[in-house]
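A short worksheet on the structure shown next.
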Amino acid sequence: AGEIERFESRCEKMLPGSTAGFDWPTIMENLTGAVIDKIRTGDPVVILGEVESKPVEFRVNNILVEDEINVLWGDSGVGKSMFGLWLGTLISENYTDTSHGLTVAPGTVLYCDYETSDNRMADRTVQIHAGLGLTSKSKMRYRSMTQSLETDYQALAKIIDQDKIDFLIIDSLGLSIDGDLSSMESTKAFFNALKALKQTSLVITHSNKAEEMYGSKFIRAYGRNIWSANQFSGSFNSGNVDFSLVHTKANDIPEQPVQSWEMKFNNDQVIYTRKDPYDTGAAGLLTYNELVYKTLSRYDGEAVSREHLERFIAEAKNGRDKL
């Protein structure tokens, strides 16, 4: 209502209704009703045979799917936000090299942040740029968020249109909804609003005490491509962390393999370098076949006993299983 009244006042100021013969309150009321009716009507029915088919594409190869809602979840402090900001930097800067092993489709990124501040996020982008060897300043758009995505929908839609945004990061899901994250209604309202924005998106969220994604099962239903973030070795205090992604849901694409990076950081830079999960604490997430194959390949044709394989795989699997 406030936005409508302000727009009505601007119209009245630019073109007074008393002199132009316009009844601005009635015009605004009718226009608002027409917009609401359009939204409630939704998209028109189409004939699928007449719709141009489009192959599945990645915004970031093998990680983020184009034109879909991508979800990244994990424990607090594991490095999800930094990784999301790093991916956003690769996209906004159209950055490619071989050390991190990723190919990106460039675009204009908007980071919607419910958790930090613009100063802190600006510091992080400086560190990421330094780690990537970039001397330019970040082009990523940033917006500190205080209202739910559903409530803030119109303002975001305006920003997306004005700045030609084509990749959206939401950090984090739990703070971006009205109500409880475990509520079906609250979760559906958030994802319906996000879907209506029609953006490729990355939604960052948290895990619960059972090490599962926290909240309603509808998060998994709405998320089209879901990754679990894991930190198995190292620490932020030591300045060296192994950061790994595990694919926990896929639609229209094959299940992707475990992916790992070494993350080195200090006060001046953050550097991500691709690693083989076998060489990290994520080795236990590989399949038995992968573990056997990679172990044997490291011996370069030398004989390896079954006992050695059993012992190694048991250790990789934290002693929970045997070959």
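Residue names in the structure tokens use chain letters A, B, ... in the order shown, residue numbers from 1 in each chain, and ligand numbers from 1 in the order shown.
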
Surrounding residues of segment 183-193 of chain A excluding itself and chain neighbours under 6 positions, 8 Å, only C-alpha atoms, as a list of chain:residue names: A:Ser148, A:Leu149, A:Glu150, A:Tyr153, A:Ser176, A:Ile177, A:Gly215, A:Ser216, A:Lys217, A:Phe218, A:Ile219, A:Tyr222

Take the residues from that selection and put them in a file with C-alpha atoms, as an mmCIF file, in the first residue's frame.
data_model
loop_
_atom_site.group_PDB
_atom_site.id
_atom_site.type_symbol
_atom_site.label_atom_id
_atom_site.label_comp_id
_atom_site.auth_asym_id
_atom_site.auth_seq_id
_atom_site.Cartn_x
_atom_site.Cartn_y
_atom_site.Cartn_z
ATOM 1 C CA SER A 148 11.300 -12.222 3.947
ATOM 2 C CA LEU A 149 11.755 -12.940 0.265
ATOM 3 C CA GLU A 150 7.986 -13.125 -0.135
ATOM 4 C CA TYR A 153 9.430 -9.724 -3.798
ATOM 5 C CA SER A 176 14.453 -15.427 4.364
ATOM 6 C CA ILE A 177 11.050 -16.908 5.139
ATOM 7 C CA GLY A 215 13.502 -27.706 7.710
ATOM 8 C CA SER A 216 10.483 -28.881 5.784
ATOM 9 C CA LYS A 217 10.713 -31.759 3.315
ATOM 10 C CA PHE A 218 9.408 -29.280 0.748
ATOM 11 C CA ILE A 219 12.883 -27.720 0.586
ATOM 12 C CA TYR A 222 11.483 -27.436 -4.558
#

Filtered DSSP result for segment 38-175 of chain A, state alpha helix (DSSP H), as a ChimeraX atom specification: /A:38-41,80-93,118-132,153-163

Every residue of segment 112-238 of chain A that DSSP places in strand (DSSP E), as a ChimeraX atom specification: /A:112-113,141-144,167-171,200-206,225-235

Keeping only N, CA and C atoms, write the selected residues to a file as a short mmCIF file (atom, residue, chain, number, x, y, z; two decimals), in the first residue's frame.
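Result went into part-v4.cif, see below:
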data_model
loop_
_atom_site.label_atom_id
_atom_site.label_comp_id
_atom_site.auth_asym_id
_atom_site.auth_seq_id
_atom_site.Cartn_x
_atom_site.Cartn_y
_atom_site.Cartn_z
N CYS A 112 21.86 -11.70 -2.00
CA CYS A 112 20.87 -11.28 -1.00
C CYS A 112 21.27 -11.86 0.34
N ASP A 113 21.69 -11.02 1.27
CA ASP A 113 22.34 -11.47 2.49
C ASP A 113 21.52 -11.13 3.73
N ARG A 141 26.57 -7.39 -7.31
CA ARG A 141 25.60 -6.59 -6.58
C ARG A 141 25.34 -7.25 -5.22
N TYR A 142 25.09 -6.41 -4.22
CA TYR A 142 24.87 -6.91 -2.87
C TYR A 142 23.69 -6.16 -2.26
N ARG A 143 22.84 -6.90 -1.55
CA ARG A 143 21.72 -6.27 -0.86
C ARG A 143 21.55 -6.91 0.51
N SER A 144 21.64 -6.09 1.55
CA SER A 144 21.36 -6.55 2.90
C SER A 144 19.85 -6.72 3.04
N PHE A 167 21.66 -14.05 -11.99
CA PHE A 167 22.03 -15.08 -11.02
C PHE A 167 21.82 -14.52 -9.63
N LEU A 168 21.10 -15.27 -8.79
CA LEU A 168 20.67 -14.80 -7.48
C LEU A 168 21.20 -15.75 -6.41
N ILE A 169 21.82 -15.19 -5.36
CA ILE A 169 22.27 -15.97 -4.21
C ILE A 169 21.46 -15.53 -3.00
N ILE A 170 20.85 -16.50 -2.31
CA ILE A 170 20.08 -16.22 -1.09
C ILE A 170 20.82 -16.83 0.09
N ASP A 171 21.21 -16.02 1.05
CA ASP A 171 21.98 -16.49 2.21
C ASP A 171 21.43 -15.84 3.48
N THR A 200 18.15 -18.07 -12.26
CA THR A 200 19.04 -19.13 -11.78
C THR A 200 19.48 -18.72 -10.38
N SER A 201 19.35 -19.62 -9.41
CA SER A 201 19.61 -19.20 -8.04
C SER A 201 20.38 -20.25 -7.26
N LEU A 202 21.06 -19.76 -6.22
CA LEU A 202 21.72 -20.61 -5.24
C LEU A 202 21.18 -20.23 -3.87
N VAL A 203 20.53 -21.17 -3.20
CA VAL A 203 19.97 -20.95 -1.87
C VAL A 203 20.85 -21.67 -0.86
N ILE A 204 21.38 -20.92 0.10
CA ILE A 204 22.25 -21.48 1.12
C ILE A 204 21.45 -21.71 2.39
N THR A 205 21.61 -22.91 2.98
CA THR A 205 20.85 -23.23 4.18
C THR A 205 21.66 -24.16 5.08
N HIS A 206 21.08 -24.52 6.22
CA HIS A 206 21.85 -25.20 7.27
C HIS A 206 21.38 -26.64 7.48
N ASN A 225 18.42 -29.03 -7.60
CA ASN A 225 19.80 -29.49 -7.64
C ASN A 225 20.41 -29.17 -6.28
N ILE A 226 20.71 -30.19 -5.49
CA ILE A 226 21.05 -29.98 -4.08
C ILE A 226 22.42 -30.57 -3.77
N TRP A 227 23.24 -29.75 -3.07
CA TRP A 227 24.59 -30.16 -2.66
C TRP A 227 24.74 -30.02 -1.14
N SER A 228 25.47 -30.97 -0.57
CA SER A 228 25.85 -30.89 0.84
C SER A 228 27.30 -30.43 0.93
N ALA A 229 27.55 -29.40 1.74
CA ALA A 229 28.91 -28.88 1.95
C ALA A 229 29.52 -29.55 3.17
N ASN A 230 30.78 -29.97 3.04
CA ASN A 230 31.44 -30.71 4.11
C ASN A 230 32.87 -30.23 4.32
N GLN A 231 33.28 -30.23 5.57
CA GLN A 231 34.66 -29.91 5.93
C GLN A 231 35.18 -31.06 6.79
N PHE A 232 36.07 -31.87 6.23
CA PHE A 232 36.53 -33.08 6.92
C PHE A 232 37.90 -32.92 7.55
N SER A 233 38.68 -31.97 7.08
CA SER A 233 40.02 -31.81 7.63
C SER A 233 40.42 -30.35 7.56
N GLY A 234 41.36 -29.97 8.42
CA GLY A 234 41.80 -28.59 8.48
C GLY A 234 40.86 -27.75 9.32
N SER A 235 41.19 -26.48 9.44
CA SER A 235 40.36 -25.56 10.21
C SER A 235 40.62 -24.14 9.72
#

Distance query segment 237-247 of chain A at most 9 Å, only C-alpha atoms, self and fewer than 2 positions along chain excluded, as an MDAnalysis selection string: chainID A and resid 63 72 78:79 83 225:235 249:250 255:266 272 275 277 280:282 285

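Of note, atom CA of Asp67 of chain A and atom CA of Leu90 of chain A are spaced 17.5 Å apart.
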